[in-house]
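Below is entry_0.cif, which holds mmCIF, C-alpha atoms and all ligand atoms.
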```
data_start
loop_
_atom_site.label_atom_id
_atom_site.label_comp_id
_atom_site.auth_asym_id
_atom_site.auth_seq_id
_atom_site.Cartn_x
_atom_site.Cartn_y
_atom_site.Cartn_z
CA MET A 190 0.00 0.00 0.00
CA SER A 191 1.51 3.36 -0.89
CA THR A 192 0.58 6.77 0.46
CA SER A 193 -1.32 9.29 -1.67
CA GLN A 194 -0.85 13.03 -1.35
CA GLN A 195 -4.20 13.29 0.40
CA ASP A 196 -3.20 10.61 2.92
CA LEU A 197 0.07 12.44 3.52
CA ASP A 198 -1.77 15.68 4.39
CA LYS A 199 -3.74 13.71 6.99
CA ILE A 200 -0.58 12.03 8.33
CA ILE A 201 1.21 15.37 8.69
CA ALA A 202 -1.81 16.75 10.59
CA GLU A 203 -1.62 13.71 12.92
CA TYR A 204 2.11 14.22 13.37
CA GLN A 205 1.54 17.86 14.31
CA ARG A 206 -1.30 16.99 16.70
CA ASP A 207 0.16 13.86 18.32
CA GLY A 208 3.95 14.27 17.94
CA ALA A 209 4.29 11.03 15.96
CA ALA A 210 2.71 9.33 12.96
CA VAL A 211 3.20 6.38 10.63
CA VAL A 212 3.58 6.50 6.85
CA ARG A 213 2.82 3.17 5.20
CA GLY A 214 4.69 1.81 2.20
CA LEU A 215 7.00 4.81 1.76
CA ILE A 216 10.22 2.95 1.03
CA GLU A 217 10.79 0.79 -2.05
CA PRO A 218 11.75 -2.88 -1.40
CA THR A 219 15.04 -2.40 -3.30
CA TRP A 220 16.14 0.21 -0.74
CA ILE A 221 15.13 -2.08 2.13
CA GLU A 222 17.33 -4.81 0.66
CA ARG A 223 20.26 -2.43 0.00
CA MET A 224 20.08 -1.07 3.53
CA ARG A 225 19.96 -4.54 5.09
CA LEU A 226 23.11 -5.42 3.17
CA ALA A 227 24.73 -2.13 4.24
CA ILE A 228 24.01 -2.94 7.91
CA ASP A 229 25.52 -6.42 7.44
CA GLU A 230 28.60 -4.84 5.80
CA MET A 231 29.03 -2.47 8.75
CA ALA A 232 28.63 -5.31 11.23
CA ALA A 233 31.39 -7.23 9.40
CA SER A 234 33.68 -4.21 9.21
CA PRO A 235 32.54 -1.70 11.82
CA PRO A 236 33.04 2.00 11.11
CA PRO A 237 33.77 4.44 13.97
CA MET A 238 30.76 5.16 16.19
CA PHE A 239 29.36 1.68 15.60
CA MET A 240 28.95 -0.02 18.97
CA ALA A 241 27.93 -3.64 19.25
CA ASN A 242 27.23 -5.58 22.42
CA GLY A 243 25.62 -8.98 22.89
CA GLY A 244 22.11 -7.54 22.68
CA GLY A 245 22.44 -5.36 19.64
CA ILE A 246 24.11 -2.44 17.92
CA ASN A 247 23.95 1.32 18.28
CA GLY A 248 25.55 3.37 15.53
CA PHE A 249 25.80 7.10 14.96
CA PHE A 250 26.69 9.06 11.80
CA MET A 251 26.95 5.84 9.79
CA SER A 252 26.42 7.78 6.57
CA ARG A 253 29.80 9.44 7.04
CA TRP A 254 31.40 6.07 6.36
CA ASN A 255 28.80 4.06 4.45
CA ASP A 256 27.87 5.15 0.93
CA THR A 257 24.57 3.26 0.85
CA MET A 258 23.47 4.87 4.09
CA ARG A 259 24.46 8.30 2.78
CA ALA A 260 22.62 7.80 -0.53
CA PHE A 261 19.52 6.52 1.27
CA SER A 262 19.44 9.52 3.64
CA ARG A 263 19.11 11.79 0.60
CA THR A 264 16.36 9.90 -1.20
CA ALA A 265 13.24 11.81 -2.15
CA PRO A 266 10.76 9.90 0.06
CA LEU A 267 12.74 10.73 3.23
CA VAL A 268 13.69 14.28 2.27
CA ASP A 269 10.17 15.14 1.07
CA LEU A 270 8.62 13.74 4.24
CA ALA A 271 11.05 15.79 6.36
CA VAL A 272 10.16 18.92 4.38
CA ARG A 273 6.46 18.27 4.89
CA ALA A 274 6.84 17.57 8.61
CA MET A 275 8.98 20.68 9.22
CA ASP A 276 6.91 22.84 6.87
CA SER A 277 10.19 23.98 5.34
CA LYS A 278 11.58 24.67 1.89
CA GLY A 279 14.56 22.40 2.33
CA VAL A 280 16.36 20.14 4.77
CA ARG A 281 19.76 19.77 6.29
CA PHE A 282 20.82 16.30 7.23
CA PHE A 283 21.78 16.20 10.90
CA TYR A 284 22.76 12.56 11.50
CA ASP A 285 21.60 8.97 11.35
CA GLN A 286 21.30 6.53 14.23
CA LEU A 287 21.27 2.77 13.83
CA PHE A 288 19.37 0.58 16.28
CA VAL A 289 19.73 -3.21 16.08
CA ARG A 290 18.12 -5.42 18.72
CA GLU A 291 18.93 -9.12 18.56
CA PRO A 292 16.25 -11.79 19.10
CA ASN A 293 15.60 -12.48 22.75
CA SER A 294 17.85 -9.66 23.94
CA TYR A 295 17.41 -7.38 26.93
CA GLU A 296 18.30 -3.92 25.55
CA THR A 297 15.45 -1.46 25.89
CA THR A 298 15.04 2.18 24.95
CA PRO A 299 14.15 4.24 28.04
CA LEU A 300 11.39 6.83 27.95
CA HIS A 301 13.08 9.95 26.61
CA GLN A 302 12.89 13.01 24.37
CA ASP A 303 15.57 13.24 21.67
CA LEU A 304 16.07 16.97 22.16
CA SER A 305 17.50 16.42 25.67
CA TYR A 306 20.57 14.87 23.97
CA TRP A 307 20.98 17.41 21.19
CA PRO A 308 22.68 20.83 21.14
CA LEU A 309 19.68 22.33 19.40
CA SER A 310 16.66 24.53 19.90
CA GLY A 311 13.95 25.41 17.44
CA ARG A 312 10.99 24.05 15.61
CA GLN A 313 12.39 22.65 12.37
CA ILE A 314 13.80 19.35 13.60
CA VAL A 315 12.37 15.93 12.74
CA SER A 316 13.24 12.23 12.97
CA ILE A 317 12.20 9.61 10.47
CA CYS A 318 12.65 6.03 11.71
CA VAL A 319 12.93 3.37 9.06
CA PRO A 320 12.60 -0.28 10.14
CA PHE A 321 14.02 -3.03 7.95
CA ASP A 322 12.04 -5.90 9.51
CA HIS A 323 8.51 -6.63 10.54
CA VAL A 324 8.13 -4.86 13.91
CA SER A 325 5.58 -5.90 16.52
CA PRO A 326 5.09 -5.33 20.26
CA GLU A 327 7.08 -8.55 20.84
CA SER A 328 10.09 -7.30 18.87
CA GLY A 329 10.09 -3.96 20.71
CA VAL A 330 8.13 -1.51 18.61
CA VAL A 331 8.78 2.16 19.45
CA SER A 332 5.87 3.70 21.39
CA TYR A 333 5.12 7.40 21.75
CA VAL A 334 3.32 9.30 24.49
CA LYS A 335 0.59 11.00 22.49
CA GLY A 336 0.78 14.78 22.51
CA SER A 337 3.85 14.92 24.79
CA HIS A 338 5.67 17.14 22.26
CA ARG A 339 3.30 19.89 23.43
CA TRP A 340 3.88 19.49 27.16
CA ASP A 341 6.31 22.41 27.20
CA THR A 342 8.73 20.45 29.37
CA LEU A 343 12.10 19.19 28.25
CA TYR A 344 13.19 16.50 30.69
CA HIS A 345 16.66 15.54 31.84
CA ILE A 346 18.55 12.94 29.77
CA ALA A 347 17.43 9.39 30.54
CA PRO A 348 20.42 7.04 30.74
CA PHE A 349 20.47 4.57 27.81
CA SER A 350 23.07 2.54 29.70
CA SER A 351 25.23 2.89 32.77
CA HIS A 352 28.03 4.05 30.41
CA GLY A 353 25.92 6.83 28.94
CA PRO A 354 26.33 10.53 29.71
CA ASN A 355 25.28 11.73 33.12
CA PRO A 356 25.39 15.48 32.74
CA LYS A 357 24.34 18.11 35.21
CA GLN A 358 21.32 19.38 33.31
CA SER A 359 19.01 21.69 35.19
CA ALA A 360 16.03 20.10 33.40
CA PRO A 361 13.48 18.21 35.54
CA VAL A 362 14.01 14.49 35.93
CA LEU A 363 11.19 12.26 34.70
CA GLU A 364 10.87 10.50 38.05
CA ASP A 365 8.44 7.70 37.30
CA PRO A 366 8.48 6.74 33.62
CA GLU A 367 6.24 3.68 34.16
CA ARG A 368 3.57 5.91 35.66
CA VAL A 369 3.82 8.42 32.81
CA ILE A 370 3.34 5.56 30.36
CA ALA A 371 0.45 4.06 32.32
CA GLU A 372 -1.38 7.35 32.81
CA ASN A 373 -1.16 8.62 29.24
CA GLU A 374 -2.30 7.41 25.87
CA THR A 375 0.54 5.86 23.89
CA LEU A 376 0.78 5.37 20.16
CA SER A 377 2.53 2.47 18.46
CA TRP A 378 2.11 0.73 15.17
CA GLU A 379 2.91 -2.76 13.95
CA LEU A 380 5.22 -2.11 11.01
CA GLU A 381 6.23 -3.81 7.78
CA PRO A 382 9.45 -3.05 5.91
CA GLY A 383 8.65 0.02 3.81
CA ASP A 384 6.64 1.75 6.56
CA VAL A 385 8.29 4.62 8.45
CA LEU A 386 7.64 6.53 11.67
CA VAL A 387 7.98 10.29 11.92
CA HIS A 388 8.36 11.95 15.30
CA ALA A 389 9.05 15.34 16.84
CA PRO A 390 12.18 16.04 18.93
CA THR A 391 10.21 16.59 22.14
CA THR A 392 7.86 13.59 21.87
CA LEU A 393 8.45 11.15 24.74
CA HIS A 394 9.09 7.66 23.37
CA PHE A 395 10.45 4.29 24.43
CA ALA A 396 10.84 0.71 23.23
CA LEU A 397 10.64 -2.56 25.11
CA ARG A 398 13.04 -5.46 24.60
CA ASN A 399 13.00 -7.73 21.58
CA SER A 400 11.49 -10.84 23.13
CA THR A 401 11.02 -12.73 19.88
CA GLY A 402 13.12 -15.85 19.60
CA ASP A 403 13.99 -15.50 15.94
CA ARG A 404 13.51 -11.93 14.67
CA ARG A 405 16.08 -9.14 14.69
CA ARG A 406 14.85 -5.56 14.91
CA GLU A 407 16.93 -3.36 12.64
CA ALA A 408 16.04 0.30 12.16
CA VAL A 409 17.72 3.58 11.36
CA ALA A 410 16.50 6.98 12.54
CA PHE A 411 17.37 9.82 10.16
CA ARG A 412 17.39 13.28 11.75
CA TYR A 413 16.80 16.39 9.66
CA LEU A 414 16.86 20.12 10.40
CA GLU A 415 16.15 23.41 8.75
CA ASP A 416 17.12 26.97 9.50
CA ASP A 417 14.84 27.53 12.46
CA ALA A 418 16.94 24.93 14.32
CA ARG A 419 19.79 26.71 16.10
CA TRP A 420 22.77 25.57 18.11
CA LEU A 421 22.22 25.49 21.87
CA ASN A 422 25.07 24.27 23.99
CA ARG A 423 22.96 22.02 26.22
CA PRO A 424 25.05 20.34 28.98
CA GLY A 425 25.82 16.71 28.21
CA HIS A 426 24.73 16.82 24.57
CA PHE A 427 25.85 13.78 22.61
CA LEU A 428 28.15 15.72 20.28
CA ASP A 429 30.24 16.72 23.28
CA MET A 430 31.06 13.18 24.34
CA ASP A 431 34.64 11.99 23.90
CA PHE A 432 33.72 9.26 21.46
CA THR A 433 31.85 11.73 19.23
CA ARG A 434 34.55 14.41 19.32
CA GLY A 435 37.15 11.74 18.62
CA SER A 436 35.36 10.37 15.55
CA LEU A 437 34.06 13.49 13.81
CA PRO A 438 35.97 16.35 12.21
CA PRO A 439 36.36 19.34 14.54
CA PHE A 440 33.32 21.57 14.80
CA SER A 441 32.51 24.65 16.79
CA PHE A 442 29.23 26.51 17.00
CA ALA A 443 28.02 29.28 19.31
CA ASP A 444 24.51 29.43 20.72
CA GLY A 445 22.18 30.78 18.04
CA ASP A 446 24.32 29.64 15.08
CA ILE A 447 22.72 27.68 12.30
CA PRO A 448 24.55 24.34 12.63
CA ASN A 449 25.41 24.29 8.97
CA MET A 450 27.42 21.73 7.14
CA THR A 451 30.88 23.24 7.41
CA SER A 452 32.46 20.17 8.94
CA CYS A 453 30.33 17.90 11.04
CA PHE A 454 26.97 17.67 9.42
CA ARG A 455 26.11 17.33 5.83
CA TYR A 456 23.95 19.45 3.67
CA CYS A 457 21.41 17.05 2.25
CA ALA A 458 19.07 18.57 -0.25
CA ARG A 459 16.65 21.39 -0.62
CA ALA A 460 13.17 20.83 -1.92
CA ASP A 461 13.57 23.74 -4.31
CA ASN A 462 16.74 22.45 -5.98
CA ALA A 463 16.85 18.75 -5.11
O1 LIG S 1 14.40 2.09 17.96
C1 LIG S 1 14.51 2.37 19.15
O2 LIG S 1 14.59 1.51 20.04
C2 LIG S 1 14.57 3.79 19.63
C3 LIG S 1 14.39 4.82 18.55
C4 LIG S 1 14.59 6.18 19.10
O3 LIG S 1 14.69 6.41 20.28
C5 LIG S 1 14.68 7.30 18.15
O4 LIG S 1 14.64 7.07 16.95
O5 LIG S 1 14.80 8.44 18.60
#
```
When written as structure tokens, how does the structure in this file appear?
Ligand SMILES: O=C(O)CCC(=O)C(=O)O
Amino acid sequence: MSTSQQDLDKIIAEYQRDGAAVVRGLIEPTWIERMRLAIDEMAASPPPMFMANGGGINGFFMSRWNDTMRAFSRTAPLVDLAVRAMDSKGVRFFYDQLFVREPNSYETTPLHQDLSYWPLSGRQIVSICVPFDHVSPESGVVSYVKGSHRWDTLYHIAPFSSHGPNPKQSAPVLEDPERVIAENETLSWELEPGDVLVHAPTTLHFALRNSTGDRRREAVAFRYLEDDARWLNRPGHFLDMDFTRGSLPPFSFADGDIPNMTSCFRYCARADNA
């Protein structure tokens, strides 16, 4: 099933209202196959910022080192969806993030907002998550707290692991994530390869473990920006961690700068000249 223009208008309205939405059948099967192979290639010969443990893989900025990932991040379906979601004329590519969860593994994604980890402020920021497998509640589908992007609260970083950053952010700590999940409506969708999720940087989201015995969960989140997004030197942001600074070319931005593509990030495409 592919998505008509009319459906897309409705999906964008849902995204704006709820902070997350699903687009069915956006990605061609050939790209799904190419991306699966690219992930296998990276697992066999890991680039920097590709971290595997027994339960899965987390990778950042893979498109700096993997040509397939880079080409995919610039494809029209992703770029056009980002433009629609941000209501912008173009997009800048911020970074990609690979999530692999092995069958019957224990890694989870804690309840969090992406913006807590990013040195950014502004409205024109969006994530598009592309799964490469069938995703169900059993394999750890991502769930979103409906409407939480409008709560006007940016919470403190939630630790992804005991090795993660533990900055001194003045932001409030989300004390009881289970209660927040239980007391609010959550959105999640069973997904087929080709479907994508689009979510806002302040939407609270989480994923449970992959408890299937035989199904990997492989997905990549592509993050896009436009000019309303400005640098904000938030304490503990992920670009300030040693492993990030050590793997990326030097970059330096002051609060209020447009984080343009001089060194770290890549200009992706603009709708008006793509
Ligand atoms: O796939 C996951 O487990 C988490 C995805 C996520 O947190 C994100 O894309 O921001």
Which range 285-329 of chain A residues have any atom within 7 Å of an atom of range 238-248 of chain A, and for each, what is the nearest pair of atoms with distance in Å to one decimal, counting all atoms listed in the file, rows sorted by chain and number, as JSON lines?
```
{"residue": "A:Gln286", "atom": "CA", "partner": "A:Gly248", "partner_atom": "CA", "distance": 5.5}
{"residue": "A:Leu287", "atom": "CA", "partner": "A:Gly248", "partner_atom": "CA", "distance": 4.6}
{"residue": "A:Phe288", "atom": "CA", "partner": "A:Asn247", "partner_atom": "CA", "distance": 5.1}
{"residue": "A:Val289", "atom": "CA", "partner": "A:Ile246", "partner_atom": "CA", "distance": 4.8}
{"residue": "A:Arg290", "atom": "CA", "partner": "A:Gly245", "partner_atom": "CA", "distance": 4.4}
{"residue": "A:Glu291", "atom": "CA", "partner": "A:Gly245", "partner_atom": "CA", "distance": 5.3}
{"residue": "A:Ser294", "atom": "CA", "partner": "A:Gly244", "partner_atom": "CA", "distance": 4.9}
{"residue": "A:Tyr295", "atom": "CA", "partner": "A:Gly244", "partner_atom": "CA", "distance": 6.3}
{"residue": "A:Glu296", "atom": "CA", "partner": "A:Gly244", "partner_atom": "CA", "distance": 6.0}
```
I want to know what sits within 12 Å of Gln194 in chain A, based on only C-alpha atoms, with residues of the same chain fewer than 3 positions away left out; could you give that as a list in words?
Ser191, Leu197, Asp198, Lys199, Ile200, Ile201, Val212, Leu215, Asp269, Leu270 and Arg273 of chain A
Residues as selected, C-alpha atoms, written as a tab-separated table (two decimals), in the frame of the given file, can you do that?
```
chain	number	residue	atom	x	y	z
A	191	SER	CA	1.51	3.36	-0.89
A	197	LEU	CA	0.07	12.44	3.52
A	198	ASP	CA	-1.77	15.68	4.39
A	199	LYS	CA	-3.74	13.71	6.99
A	200	ILE	CA	-0.58	12.03	8.33
A	201	ILE	CA	1.21	15.37	8.69
A	212	VAL	CA	3.58	6.50	6.85
A	215	LEU	CA	7.00	4.81	1.76
A	269	ASP	CA	10.17	15.14	1.07
A	270	LEU	CA	8.62	13.74	4.24
A	273	ARG	CA	6.46	18.27	4.89
```
Kindly indicate which residue among A:Met224, A:Val315, A:Ala232, A:Ala202 lies nearest to ligand LIG 1 (chain S), using all atoms listed in the file for the distances.
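Nearest to ligand LIG 1 (chain S): A:Val315.
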Separation of CA of Trp307 in chain A from CA of Ser262 in chain A in Å:
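One can read the CA of Ser262 in chain A to CA of Trp307 in chain A distance as 19.3 Å.
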Can you sort out the box for ligand LIG 1 (chain S), edges along x, y and z, all listed atoms in, 6 Å on every side, with centre and edge lengths in Å to one decimal, as AutoDock Vina command-line options?
```
--center_x 14.6 --center_y 5.0 --center_z 18.6 --size_x 12.4 --size_y 18.9 --size_z 15.3
```
Contacts of Arg223 in chain A at 12 Å or less, counting all atoms listed in the file, minus same-chain residues fewer than 3 places along, as an mmCIF file with C-alpha atoms, in the frame of the given file?
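The new file out_33.cif reads:
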```cif
data_model
loop_
_atom_site.group_PDB
_atom_site.id
_atom_site.type_symbol
_atom_site.label_atom_id
_atom_site.label_comp_id
_atom_site.auth_asym_id
_atom_site.auth_seq_id
_atom_site.Cartn_x
_atom_site.Cartn_y
_atom_site.Cartn_z
ATOM 1 C CA ILE A 216 10.220 2.950 1.030
ATOM 2 C CA GLU A 217 10.790 0.790 -2.050
ATOM 3 C CA PRO A 218 11.750 -2.880 -1.400
ATOM 4 C CA THR A 219 15.040 -2.400 -3.300
ATOM 5 C CA TRP A 220 16.140 0.210 -0.740
ATOM 6 C CA LEU A 226 23.110 -5.420 3.170
ATOM 7 C CA ALA A 227 24.730 -2.130 4.240
ATOM 8 C CA ILE A 228 24.010 -2.940 7.910
ATOM 9 C CA ASP A 229 25.520 -6.420 7.440
ATOM 10 C CA GLU A 230 28.600 -4.840 5.800
ATOM 11 C CA ASN A 255 28.800 4.060 4.450
ATOM 12 C CA ASP A 256 27.870 5.150 0.930
ATOM 13 C CA THR A 257 24.570 3.260 0.850
ATOM 14 C CA MET A 258 23.470 4.870 4.090
ATOM 15 C CA ARG A 259 24.460 8.300 2.780
ATOM 16 C CA ALA A 260 22.620 7.800 -0.530
ATOM 17 C CA PHE A 261 19.520 6.520 1.270
ATOM 18 C CA PHE A 321 14.020 -3.030 7.950
#
```
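Each of A:Ile317, A:Ala418, A:Val334, A:Ala274 was compared to ligand LIG 1 (chain S) using all atoms listed in the file, and A:Ile317 turns out to be the nearest.
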Record the distance separating CA of Pro237 in chain A and atom C2 of ligand LIG 1 (chain S), expressed in Å with one decimal.
20.0 Å
Within 7 Å of ligand LIG 1 (chain S) (counting only C-alpha atoms and all ligand atoms), which residues show up? I'd like them as a PDB file with C-alpha atoms, keeping the file's coordinate frame.
```
ATOM      1  CA  PHE A 288      19.370   0.580  16.280  1.00  0.00           C
ATOM      2  CA  THR A 297      15.450  -1.460  25.890  1.00  0.00           C
ATOM      3  CA  THR A 298      15.040   2.180  24.950  1.00  0.00           C
ATOM      4  CA  ASP A 303      15.570  13.240  21.670  1.00  0.00           C
ATOM      5  CA  SER A 316      13.240  12.230  12.970  1.00  0.00           C
ATOM      6  CA  CYS A 318      12.650   6.030  11.710  1.00  0.00           C
ATOM      7  CA  VAL A 331       8.780   2.160  19.450  1.00  0.00           C
ATOM      8  CA  HIS A 394       9.090   7.660  23.370  1.00  0.00           C
ATOM      9  CA  PHE A 395      10.450   4.290  24.430  1.00  0.00           C
ATOM     10  CA  ALA A 396      10.840   0.710  23.230  1.00  0.00           C
ATOM     11  CA  ALA A 408      16.040   0.300  12.160  1.00  0.00           C
ATOM     12  CA  ALA A 410      16.500   6.980  12.540  1.00  0.00           C
TER      13      ALA A 410
END
```
Residue with smallest distance to Glu374 in chain A - pool A:Asp207, A:Val280, A:Val330, A:Arg339, counting all atoms listed in the file:
A:Asp207
Among the residues A:Pro266, A:Gly311, A:Gly214, A:Pro361, the one that comes closest to Trp420 in chain A [using all atoms listed in the file]:
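Residue with the minimum atom-to-atom distance to Trp420 in chain A: A:Gly311.
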Which residue out of A:Ala371, A:Ile346, A:Ala389, A:Leu421 has the minimum interatomic distance to Gly445 in chain A when only C-alpha atoms are used?
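Answer, going by the shortest atom-to-atom distance: A:Leu421.
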Let me make sure I understand: among A:Asp444, A:Glu364, A:Asp322, A:Asp403, which one has the smallest atom-to-atom distance to Pro292 in chain A if we use all atoms listed in the file?
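Looking at the shortest contact to Pro292 in chain A, the residue is A:Asp403.
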What's the separation between CA of Pro382 in chain A and CA of Gln195 in chain A, in Å to one decimal place?
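CA of Gln195 in chain A lies 22.0 Å from CA of Pro382 in chain A.
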Close residues, Arg423 in chain A itself excluded, 10 Å, all atoms listed in the file, min 3 positions apart in chain, as an mmCIF file with C-alpha atoms, in the frame of the given file:
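To be explicit, this is the file written out as around.cif:
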```cif
data_model
loop_
_atom_site.group_PDB
_atom_site.id
_atom_site.type_symbol
_atom_site.label_atom_id
_atom_site.label_comp_id
_atom_site.auth_asym_id
_atom_site.auth_seq_id
_atom_site.Cartn_x
_atom_site.Cartn_y
_atom_site.Cartn_z
ATOM 1 C CA LEU A 304 16.070 16.970 22.160
ATOM 2 C CA SER A 305 17.500 16.420 25.670
ATOM 3 C CA TYR A 306 20.570 14.870 23.970
ATOM 4 C CA TRP A 307 20.980 17.410 21.190
ATOM 5 C CA PRO A 308 22.680 20.830 21.140
ATOM 6 C CA LEU A 309 19.680 22.330 19.400
ATOM 7 C CA SER A 310 16.660 24.530 19.900
ATOM 8 C CA PRO A 356 25.390 15.480 32.740
ATOM 9 C CA LYS A 357 24.340 18.110 35.210
ATOM 10 C CA GLN A 358 21.320 19.380 33.310
ATOM 11 C CA SER A 359 19.010 21.690 35.190
ATOM 12 C CA TRP A 420 22.770 25.570 18.110
ATOM 13 C CA HIS A 426 24.730 16.820 24.570
ATOM 14 C CA PHE A 427 25.850 13.780 22.610
ATOM 15 C CA ASP A 429 30.240 16.720 23.280
ATOM 16 C CA ASP A 444 24.510 29.430 20.720
#
```
